[in-house]
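Source file: my_file17.txt (compact mmCIF, C-alpha atoms and all ligand atoms)
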# COMPACT_ATOMS: atom_id res chain seq x y z
CA MET A 266 8.18 138.39 244.05
CA PRO A 267 8.11 137.05 247.64
CA THR A 268 5.51 134.35 248.32
CA SER A 269 2.21 135.60 249.65
CA TYR A 270 0.08 133.40 251.88
CA GLU A 271 -3.14 135.15 251.04
CA ASP A 272 -5.55 133.92 248.37
CA VAL A 273 -8.44 135.83 246.89
CA GLY A 274 -11.66 135.22 244.96
CA ILE A 275 -12.86 138.06 242.76
CA ASP A 276 -16.37 138.83 241.57
CA LEU A 277 -16.36 141.34 238.72
CA GLY A 278 -19.53 143.36 238.65
CA VAL A 279 -21.49 146.39 237.67
CA THR A 280 -22.21 147.90 241.09
CA HIS A 281 -18.55 147.54 242.07
CA PHE A 282 -15.84 146.95 239.52
CA ALA A 283 -14.69 144.06 241.70
CA ALA A 284 -15.69 142.52 245.01
CA LEU A 285 -13.01 140.54 246.86
CA SER A 286 -13.65 137.50 249.04
CA ASN A 287 -12.20 139.31 252.06
CA GLY A 288 -14.95 141.92 251.91
CA GLU A 289 -12.97 144.64 250.12
CA PHE A 290 -14.21 146.34 246.98
CA ILE A 291 -12.49 147.91 244.00
CA ASP A 292 -14.81 150.60 242.72
CA HIS A 293 -15.20 152.13 239.31
CA PRO A 294 -13.15 155.31 239.61
CA ARG A 295 -15.17 158.49 239.96
CA TYR A 296 -12.98 160.35 237.43
CA LEU A 297 -13.92 157.76 234.82
CA ARG A 298 -17.61 158.32 235.45
CA GLN A 299 -17.08 162.06 235.14
CA ALA A 300 -15.16 161.68 231.91
CA GLU A 301 -17.99 159.54 230.55
CA LYS A 302 -20.49 162.28 231.41
CA LYS A 303 -18.31 164.81 229.58
CA LEU A 304 -18.25 162.54 226.55
CA ALA A 305 -22.05 162.29 226.51
CA PHE A 306 -22.22 166.09 226.69
CA ALA A 307 -19.73 166.47 223.83
CA GLN A 308 -21.72 164.01 221.71
CA GLN A 309 -24.90 165.96 222.35
CA ALA A 310 -23.20 169.20 221.35
CA LEU A 311 -21.93 167.55 218.17
CA SER A 312 -25.41 166.40 217.20
CA ARG A 313 -26.58 170.04 217.20
CA LYS A 314 -23.89 171.30 214.82
CA LYS A 315 -24.64 171.92 211.16
CA ARG A 316 -23.09 169.51 208.66
CA GLY A 317 -19.98 170.79 206.96
CA SER A 318 -19.57 173.67 209.39
CA HIS A 319 -16.34 174.66 211.08
CA ARG A 320 -18.02 174.29 214.49
CA ARG A 321 -18.98 170.75 213.64
CA LYS A 322 -15.38 169.91 212.78
CA LYS A 323 -14.30 171.29 216.15
CA ALA A 324 -17.00 169.28 217.93
CA VAL A 325 -15.88 166.07 216.21
CA GLN A 326 -12.35 166.66 217.44
CA HIS A 327 -13.62 167.26 220.96
CA VAL A 328 -15.59 163.99 220.98
CA ALA A 329 -12.52 162.12 219.74
CA SER A 330 -10.33 163.62 222.45
CA CYS A 331 -12.90 162.64 225.12
CA HIS A 332 -12.83 159.07 223.81
CA ARG A 333 -9.03 158.99 223.92
CA LYS A 334 -8.95 160.35 227.45
CA ILE A 335 -11.43 157.73 228.70
CA ALA A 336 -9.51 154.91 227.03
CA ASN A 337 -6.27 156.06 228.68
CA GLN A 338 -7.84 156.53 232.10
CA ARG A 339 -9.46 153.11 231.95
CA LYS A 340 -6.19 151.50 230.95
CA ASP A 341 -4.38 153.25 233.78
CA PHE A 342 -7.00 152.20 236.34
CA GLN A 343 -6.91 148.57 235.20
CA GLN A 344 -3.11 148.47 235.21
CA LYS A 345 -2.95 149.75 238.79
CA ALA A 346 -5.78 147.55 240.09
CA SER A 347 -4.31 144.39 238.56
CA ARG A 348 -0.82 145.26 239.87
CA LYS A 349 -2.18 145.65 243.41
CA LEU A 350 -3.92 142.27 243.31
CA VAL A 351 -0.88 140.47 242.00
CA ASN A 352 1.38 142.10 244.61
CA GLN A 353 -0.86 141.03 247.44
CA TYR A 354 -2.24 137.57 246.62
CA GLN A 355 -0.66 134.23 245.80
CA VAL A 356 -3.70 132.52 244.28
CA ILE A 357 -6.18 134.68 242.41
CA VAL A 358 -9.49 133.09 241.43
CA LEU A 359 -11.54 134.73 238.70
CA GLU A 360 -14.73 133.87 236.88
CA ASP A 361 -14.47 132.47 233.39
CA LEU A 362 -16.62 135.23 231.98
CA GLN A 363 -17.47 134.19 228.47
CA VAL A 364 -18.57 137.76 227.97
CA LYS A 365 -19.76 136.87 224.49
CA ASN A 366 -22.49 134.62 225.83
CA LEU A 367 -23.68 137.32 228.16
CA THR A 368 -23.99 139.83 225.38
CA LYS A 369 -26.23 137.65 223.19
CA ALA A 370 -29.74 139.04 223.12
CA PRO A 371 -32.26 136.77 224.83
CA ALA A 372 -34.65 135.00 222.41
CA PRO A 373 -38.09 136.57 221.96
CA LYS A 374 -40.70 135.03 224.23
CA GLN A 375 -44.32 134.36 223.20
CA ASP A 376 -47.33 133.59 225.37
CA GLU A 377 -49.86 130.81 224.57
CA ASN A 378 -51.69 133.10 222.10
CA GLY A 379 -48.51 133.82 220.18
CA LYS A 380 -48.27 137.35 221.55
CA TYR A 381 -44.79 138.59 222.36
CA VAL A 382 -44.20 139.20 226.05
CA ALA A 383 -41.42 140.99 227.91
CA ASN A 384 -38.36 138.76 228.24
CA GLY A 385 -36.16 141.16 230.13
CA ALA A 386 -34.20 141.92 226.97
CA ALA A 387 -34.13 145.66 227.61
CA ALA A 388 -32.91 145.24 231.18
CA LYS A 389 -30.31 142.78 230.02
CA ALA A 390 -29.16 145.08 227.23
CA GLY A 391 -28.47 147.79 229.81
CA LEU A 392 -26.48 145.38 231.91
CA ASN A 393 -24.57 144.11 228.88
CA LYS A 394 -23.47 147.61 228.00
CA SER A 395 -22.05 148.06 231.47
CA ILE A 396 -20.32 144.71 231.21
CA LEU A 397 -18.56 145.71 228.03
CA ASP A 398 -17.75 149.17 229.35
CA ALA A 399 -16.16 147.74 232.44
CA GLY A 400 -13.70 145.91 230.22
CA TRP A 401 -13.61 142.80 232.35
CA SER A 402 -11.82 140.64 229.84
CA THR A 403 -9.05 143.21 229.43
CA PHE A 404 -8.73 143.22 233.18
CA THR A 405 -8.56 139.44 233.64
CA GLY A 406 -5.97 139.42 230.85
CA LEU A 407 -3.84 141.98 232.70
CA VAL A 408 -4.11 140.03 235.95
CA SER A 409 -3.06 136.83 234.17
CA VAL A 410 -0.01 138.38 232.51
CA LYS A 411 1.22 140.10 235.68
CA ALA A 412 0.57 136.97 237.74
CA ALA A 413 2.62 134.84 235.36
CA TRP A 414 5.58 137.22 235.68
CA ALA A 415 5.28 137.32 239.47
CA GLY A 416 4.91 133.57 239.95
CA ARG A 417 1.31 133.84 241.13
CA THR A 418 -1.44 131.39 240.25
CA VAL A 419 -4.58 132.47 238.43
CA ILE A 420 -7.52 130.10 238.31
CA PHE A 421 -10.67 130.54 236.27
CA VAL A 422 -13.85 128.91 237.54
CA ASP A 423 -17.30 128.29 236.12
CA PRO A 424 -19.33 131.43 236.91
CA SER A 425 -22.77 129.83 236.77
CA LYS A 426 -24.45 129.84 240.19
CA THR A 427 -21.61 131.71 241.91
CA SER A 428 -24.02 134.53 242.73
CA GLN A 429 -26.68 132.11 243.91
CA SER A 430 -24.81 129.77 246.24
CA CYS A 431 -24.25 130.39 249.93
CA PRO A 432 -20.50 130.49 250.73
CA ASN A 433 -21.22 129.14 254.21
CA CYS A 434 -23.59 126.17 253.67
CA GLY A 435 -23.66 125.78 249.87
CA MET A 436 -27.41 126.17 249.53
CA VAL A 437 -28.46 127.45 246.10
CA ARG A 438 -31.18 130.07 245.94
CA LYS A 439 -31.87 132.23 242.94
CA LYS A 440 -31.46 135.97 243.51
CA THR A 441 -32.95 138.67 241.32
CA LEU A 442 -30.54 141.23 239.84
CA ASP A 443 -31.60 143.98 242.23
CA GLU A 444 -31.23 141.82 245.34
CA ARG A 445 -28.04 143.30 246.77
CA TRP A 446 -27.82 141.32 250.00
CA HIS A 447 -27.11 137.64 250.62
CA SER A 448 -29.19 136.34 253.48
CA CYS A 449 -29.30 132.59 254.11
CA PRO A 450 -31.28 130.52 256.65
CA CYS A 451 -27.91 129.19 257.89
CA GLY A 452 -27.25 132.67 259.31
CA CYS A 453 -24.85 133.85 256.61
CA GLU A 454 -25.39 137.59 255.98
CA LEU A 455 -23.17 139.25 253.38
CA ASP A 456 -23.09 141.77 250.56
CA ARG A 457 -24.25 139.89 247.48
CA ASP A 458 -20.98 140.40 245.60
CA THR A 459 -18.79 139.54 248.60
CA ALA A 460 -20.74 136.29 249.00
CA SER A 461 -20.19 135.55 245.33
CA ALA A 462 -16.44 136.27 245.61
CA LYS A 463 -16.22 133.82 248.53
CA VAL A 464 -17.92 131.11 246.47
CA ILE A 465 -15.48 131.83 243.64
CA LEU A 466 -12.51 131.43 245.99
CA ASP A 467 -13.88 128.11 247.28
CA LEU A 468 -14.38 126.82 243.73
CA GLY A 469 -10.82 127.82 242.87
CA ARG A 470 -9.40 126.05 245.91
CA LYS A 471 -11.33 122.90 245.03
CA GLN A 472 -10.00 123.08 241.50
CA LEU A 473 -6.46 123.43 242.86
CA SER A 474 -6.80 120.51 245.24
CA VAL A 475 -8.03 118.09 242.58
CA GLY A 476 -5.02 119.08 240.52
CA THR A 477 -6.72 120.66 237.56
CA ARG A 478 -4.12 122.73 235.83
CA PRO A 479 -4.66 126.44 236.29
CA THR A 480 -5.89 128.04 233.13
CA SER A 481 -4.10 131.06 231.81
CA ALA A 482 -6.08 133.69 230.03
CA THR A 483 -5.64 134.53 226.40
CA ALA A 484 -7.75 137.66 226.60
ZN ZN B 501 -26.13 129.33 253.97
For this file, produce the structure as structure tokens.
Amino acid sequence: MPTSYEDVGIDLGVTHFAALSNGEFIDHPRYLRQAEKKLAFAQQALSRKKRGSHRRKKAVQHVASCHRKIANQRKDFQQKASRKLVNQYQVIVLEDLQVKNLTKAPAPKQDENGKYVANGAAAKAGLNKSILDAGWSTFTGLVSVKAAWAGRTVIFVDPSKTSQSCPNCGMVRKKTLDERWHSCPCGCELDRDTASAKVILDLGRKQLSVGTRPTSATA
């Protein structure tokens, strides 16, 4: 593949499937959302069917076919999205996701009287489900394989603090999950995920310049 002179940092997320450091977004496809709604509907219908009945057997088949369709559509979307990135960019910087760590339930929290208090576990569980559904690790794996064939470089960087640092001045400020906008005293105003993608690109460039060998994914 001809050399590209464009590099990109990518923030994989829940709001957008991916935010790129140049301000572009790759969104979760609408048809996938619709197929997921259909699946939920089919599962509901199944739950109302009598055990051992012919209708139940039919409903089971319908649920299975919805699952298959979603799996195929997701695969197709990820193949195309990863192909586009690899065609366009020479250096692709991704977060080292360690999805497993994210999916661990947070430890129960107790107050000074030993009473259990909310630790955000429920909110986190919702987010974790989306993380798994988005299939990020499959996606980074696809990008890595295609990049290797095309002679592109993929770099994985430490994802901690990428969503909290300012890409312009480097200041670290904690954002809550529902804070969608990056606004820094230095004057930097960006979509939260775009800001994060820019930080990711910077980290990747630093890693390249100190000569750390690019990691290749084994996802
Ligand atoms: Zn700043």
Open item on the list: Counting all atoms listed in the file, which residue out of A:Cys451, A:Ile275, A:Leu311, A:Val437 sits closest to ligand ZN 501 (chain B)?
Closed with: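 For ligand ZN 501 (chain B), the nearest of the candidates is A:Cys451.
Residues of protein or nucleic acid lying within 8 Å of ligand ZN 501 (chain B), counting only C-alpha atoms and all ligand atoms, are Ser430, Cys431, Pro432, Asn433, Cys434, Gly435, Met436, Ser448, Cys449, Pro450, Cys451, Gly452 and Cys453 of chain A.
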TODO: Using all atoms listed in the file, determine which residues lie at most 7 Å from range 327-340 of chain A, disregarding the query and same-chain residues fewer than 4 positions distant; provide the list as a PyMOL selection string.
DONE: chain A and resi 297+300+304+307-308+323+344
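Minimum distance to Leu407 in chain A across A:Ala346, A:Ala305, A:Asn287, A:Asp292 (counting all atoms listed in the file) occurs at A:Ala346.
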Task: Closest of A:Leu466, A:Phe342, A:Ile357, A:Leu455 to Arg295 in chain A - atom-to-atom distances counting all atoms listed in the file - done: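 Closest candidate: A:Phe342.
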TODO: Please provide the set of residues having any atom within 6 Å of Val356 in chain A, restricted to all atoms listed in the file, with same-chain residues fewer than 5 positions apart removed, written as a list in words.
DONE: Asp272, Thr418 and Val419 of chain A
Reconstructed range 287-310 of chain A, atom set N, CA, C and O atoms, as a PDB file, keeping the file's coordinate frame:
ATOM      1  N   ASN A 287     -12.451 138.852 250.696  1.00  0.00           N
ATOM      2  CA  ASN A 287     -12.200 139.310 252.060  1.00  0.00           C
ATOM      3  C   ASN A 287     -13.069 140.515 252.442  1.00  0.00           C
ATOM      4  O   ASN A 287     -12.878 141.126 253.489  1.00  0.00           O
ATOM      5  N   GLY A 288     -14.013 140.848 251.589  1.00  0.00           N
ATOM      6  CA  GLY A 288     -14.950 141.920 251.910  1.00  0.00           C
ATOM      7  C   GLY A 288     -14.561 143.276 251.340  1.00  0.00           C
ATOM      8  O   GLY A 288     -15.318 144.232 251.447  1.00  0.00           O
ATOM      9  N   GLU A 289     -13.370 143.364 250.733  1.00  0.00           N
ATOM     10  CA  GLU A 289     -12.970 144.640 250.120  1.00  0.00           C
ATOM     11  C   GLU A 289     -13.624 144.802 248.750  1.00  0.00           C
ATOM     12  O   GLU A 289     -14.037 143.821 248.128  1.00  0.00           O
ATOM     13  N   PHE A 290     -13.688 146.057 248.313  1.00  0.00           N
ATOM     14  CA  PHE A 290     -14.210 146.340 246.980  1.00  0.00           C
ATOM     15  C   PHE A 290     -13.224 147.185 246.184  1.00  0.00           C
ATOM     16  O   PHE A 290     -12.507 147.992 246.760  1.00  0.00           O
ATOM     17  N   ILE A 291     -13.192 146.980 244.885  1.00  0.00           N
ATOM     18  CA  ILE A 291     -12.490 147.910 244.000  1.00  0.00           C
ATOM     19  C   ILE A 291     -13.591 148.599 243.210  1.00  0.00           C
ATOM     20  O   ILE A 291     -14.345 147.940 242.484  1.00  0.00           O
ATOM     21  N   ASP A 292     -13.711 149.899 243.371  1.00  0.00           N
ATOM     22  CA  ASP A 292     -14.810 150.600 242.720  1.00  0.00           C
ATOM     23  C   ASP A 292     -14.414 151.215 241.396  1.00  0.00           C
ATOM     24  O   ASP A 292     -13.250 151.507 241.162  1.00  0.00           O
ATOM     25  N   HIS A 293     -15.413 151.390 240.555  1.00  0.00           N
ATOM     26  CA  HIS A 293     -15.200 152.130 239.310  1.00  0.00           C
ATOM     27  C   HIS A 293     -14.732 153.522 239.715  1.00  0.00           C
ATOM     28  O   HIS A 293     -15.379 154.158 240.540  1.00  0.00           O
ATOM     29  N   PRO A 294     -13.630 154.012 239.177  1.00  0.00           N
ATOM     30  CA  PRO A 294     -13.150 155.310 239.610  1.00  0.00           C
ATOM     31  C   PRO A 294     -14.123 156.432 239.242  1.00  0.00           C
ATOM     32  O   PRO A 294     -14.716 156.418 238.169  1.00  0.00           O
ATOM     33  N   ARG A 295     -14.264 157.371 240.163  1.00  0.00           N
ATOM     34  CA  ARG A 295     -15.170 158.490 239.960  1.00  0.00           C
ATOM     35  C   ARG A 295     -14.750 159.326 238.737  1.00  0.00           C
ATOM     36  O   ARG A 295     -15.582 159.778 237.964  1.00  0.00           O
ATOM     37  N   TYR A 296     -13.430 159.510 238.555  1.00  0.00           N
ATOM     38  CA  TYR A 296     -12.980 160.350 237.430  1.00  0.00           C
ATOM     39  C   TYR A 296     -13.383 159.751 236.087  1.00  0.00           C
ATOM     40  O   TYR A 296     -13.627 160.455 235.125  1.00  0.00           O
ATOM     41  N   LEU A 297     -13.511 158.415 236.061  1.00  0.00           N
ATOM     42  CA  LEU A 297     -13.920 157.760 234.820  1.00  0.00           C
ATOM     43  C   LEU A 297     -15.391 158.046 234.535  1.00  0.00           C
ATOM     44  O   LEU A 297     -15.794 158.324 233.410  1.00  0.00           O
ATOM     45  N   ARG A 298     -16.188 157.990 235.592  1.00  0.00           N
ATOM     46  CA  ARG A 298     -17.610 158.320 235.450  1.00  0.00           C
ATOM     47  C   ARG A 298     -17.786 159.749 234.960  1.00  0.00           C
ATOM     48  O   ARG A 298     -18.630 160.036 234.123  1.00  0.00           O
ATOM     49  N   GLN A 299     -16.966 160.650 235.526  1.00  0.00           N
ATOM     50  CA  GLN A 299     -17.080 162.060 235.140  1.00  0.00           C
ATOM     51  C   GLN A 299     -16.673 162.258 233.687  1.00  0.00           C
ATOM     52  O   GLN A 299     -17.322 162.989 232.947  1.00  0.00           O
ATOM     53  N   ALA A 300     -15.611 161.574 233.299  1.00  0.00           N
ATOM     54  CA  ALA A 300     -15.160 161.680 231.910  1.00  0.00           C
ATOM     55  C   ALA A 300     -16.223 161.157 230.957  1.00  0.00           C
ATOM     56  O   ALA A 300     -16.409 161.686 229.857  1.00  0.00           O
ATOM     57  N   GLU A 301     -16.941 160.110 231.394  1.00  0.00           N
ATOM     58  CA  GLU A 301     -17.990 159.540 230.550  1.00  0.00           C
ATOM     59  C   GLU A 301     -19.153 160.523 230.393  1.00  0.00           C
ATOM     60  O   GLU A 301     -19.770 160.625 229.336  1.00  0.00           O
ATOM     61  N   LYS A 302     -19.445 161.260 231.474  1.00  0.00           N
ATOM     62  CA  LYS A 302     -20.490 162.280 231.410  1.00  0.00           C
ATOM     63  C   LYS A 302     -20.090 163.375 230.420  1.00  0.00           C
ATOM     64  O   LYS A 302     -20.897 163.843 229.634  1.00  0.00           O
ATOM     65  N   LYS A 303     -18.823 163.777 230.485  1.00  0.00           N
ATOM     66  CA  LYS A 303     -18.310 164.810 229.580  1.00  0.00           C
ATOM     67  C   LYS A 303     -18.438 164.358 228.129  1.00  0.00           C
ATOM     68  O   LYS A 303     -18.791 165.138 227.260  1.00  0.00           O
ATOM     69  N   LEU A 304     -18.147 163.093 227.897  1.00  0.00           N
ATOM     70  CA  LEU A 304     -18.250 162.540 226.550  1.00  0.00           C
ATOM     71  C   LEU A 304     -19.688 162.633 226.043  1.00  0.00           C
ATOM     72  O   LEU A 304     -19.932 163.051 224.903  1.00  0.00           O
ATOM     73  N   ALA A 305     -20.639 162.248 226.898  1.00  0.00           N
ATOM     74  CA  ALA A 305     -22.050 162.290 226.510  1.00  0.00           C
ATOM     75  C   ALA A 305     -22.445 163.732 226.145  1.00  0.00           C
ATOM     76  O   ALA A 305     -23.159 163.967 225.167  1.00  0.00           O
ATOM     77  N   PHE A 306     -21.954 164.671 226.922  1.00  0.00           N
ATOM     78  CA  PHE A 306     -22.220 166.090 226.690  1.00  0.00           C
ATOM     79  C   PHE A 306     -21.640 166.527 225.344  1.00  0.00           C
ATOM     80  O   PHE A 306     -22.300 167.201 224.560  1.00  0.00           O
ATOM     81  N   ALA A 307     -20.408 166.120 225.081  1.00  0.00           N
ATOM     82  CA  ALA A 307     -19.730 166.470 223.830  1.00  0.00           C
ATOM     83  C   ALA A 307     -20.476 165.883 222.627  1.00  0.00           C
ATOM     84  O   ALA A 307     -20.583 166.519 221.577  1.00  0.00           O
ATOM     85  N   GLN A 308     -20.994 164.650 222.810  1.00  0.00           N
ATOM     86  CA  GLN A 308     -21.720 164.010 221.710  1.00  0.00           C
ATOM     87  C   GLN A 308     -23.025 164.744 221.419  1.00  0.00           C
ATOM     88  O   GLN A 308     -23.423 164.887 220.263  1.00  0.00           O
ATOM     89  N   GLN A 309     -23.663 165.199 222.501  1.00  0.00           N
ATOM     90  CA  GLN A 309     -24.900 165.960 222.350  1.00  0.00           C
ATOM     91  C   GLN A 309     -24.623 167.254 221.585  1.00  0.00           C
ATOM     92  O   GLN A 309     -25.353 167.609 220.664  1.00  0.00           O
ATOM     93  N   ALA A 310     -23.562 167.935 221.995  1.00  0.00           N
ATOM     94  CA  ALA A 310     -23.200 169.200 221.350  1.00  0.00           C
ATOM     95  C   ALA A 310     -22.933 168.980 219.860  1.00  0.00           C
ATOM     96  O   ALA A 310     -23.368 169.760 219.015  1.00  0.00           O
TER      97      ALA A 310
END
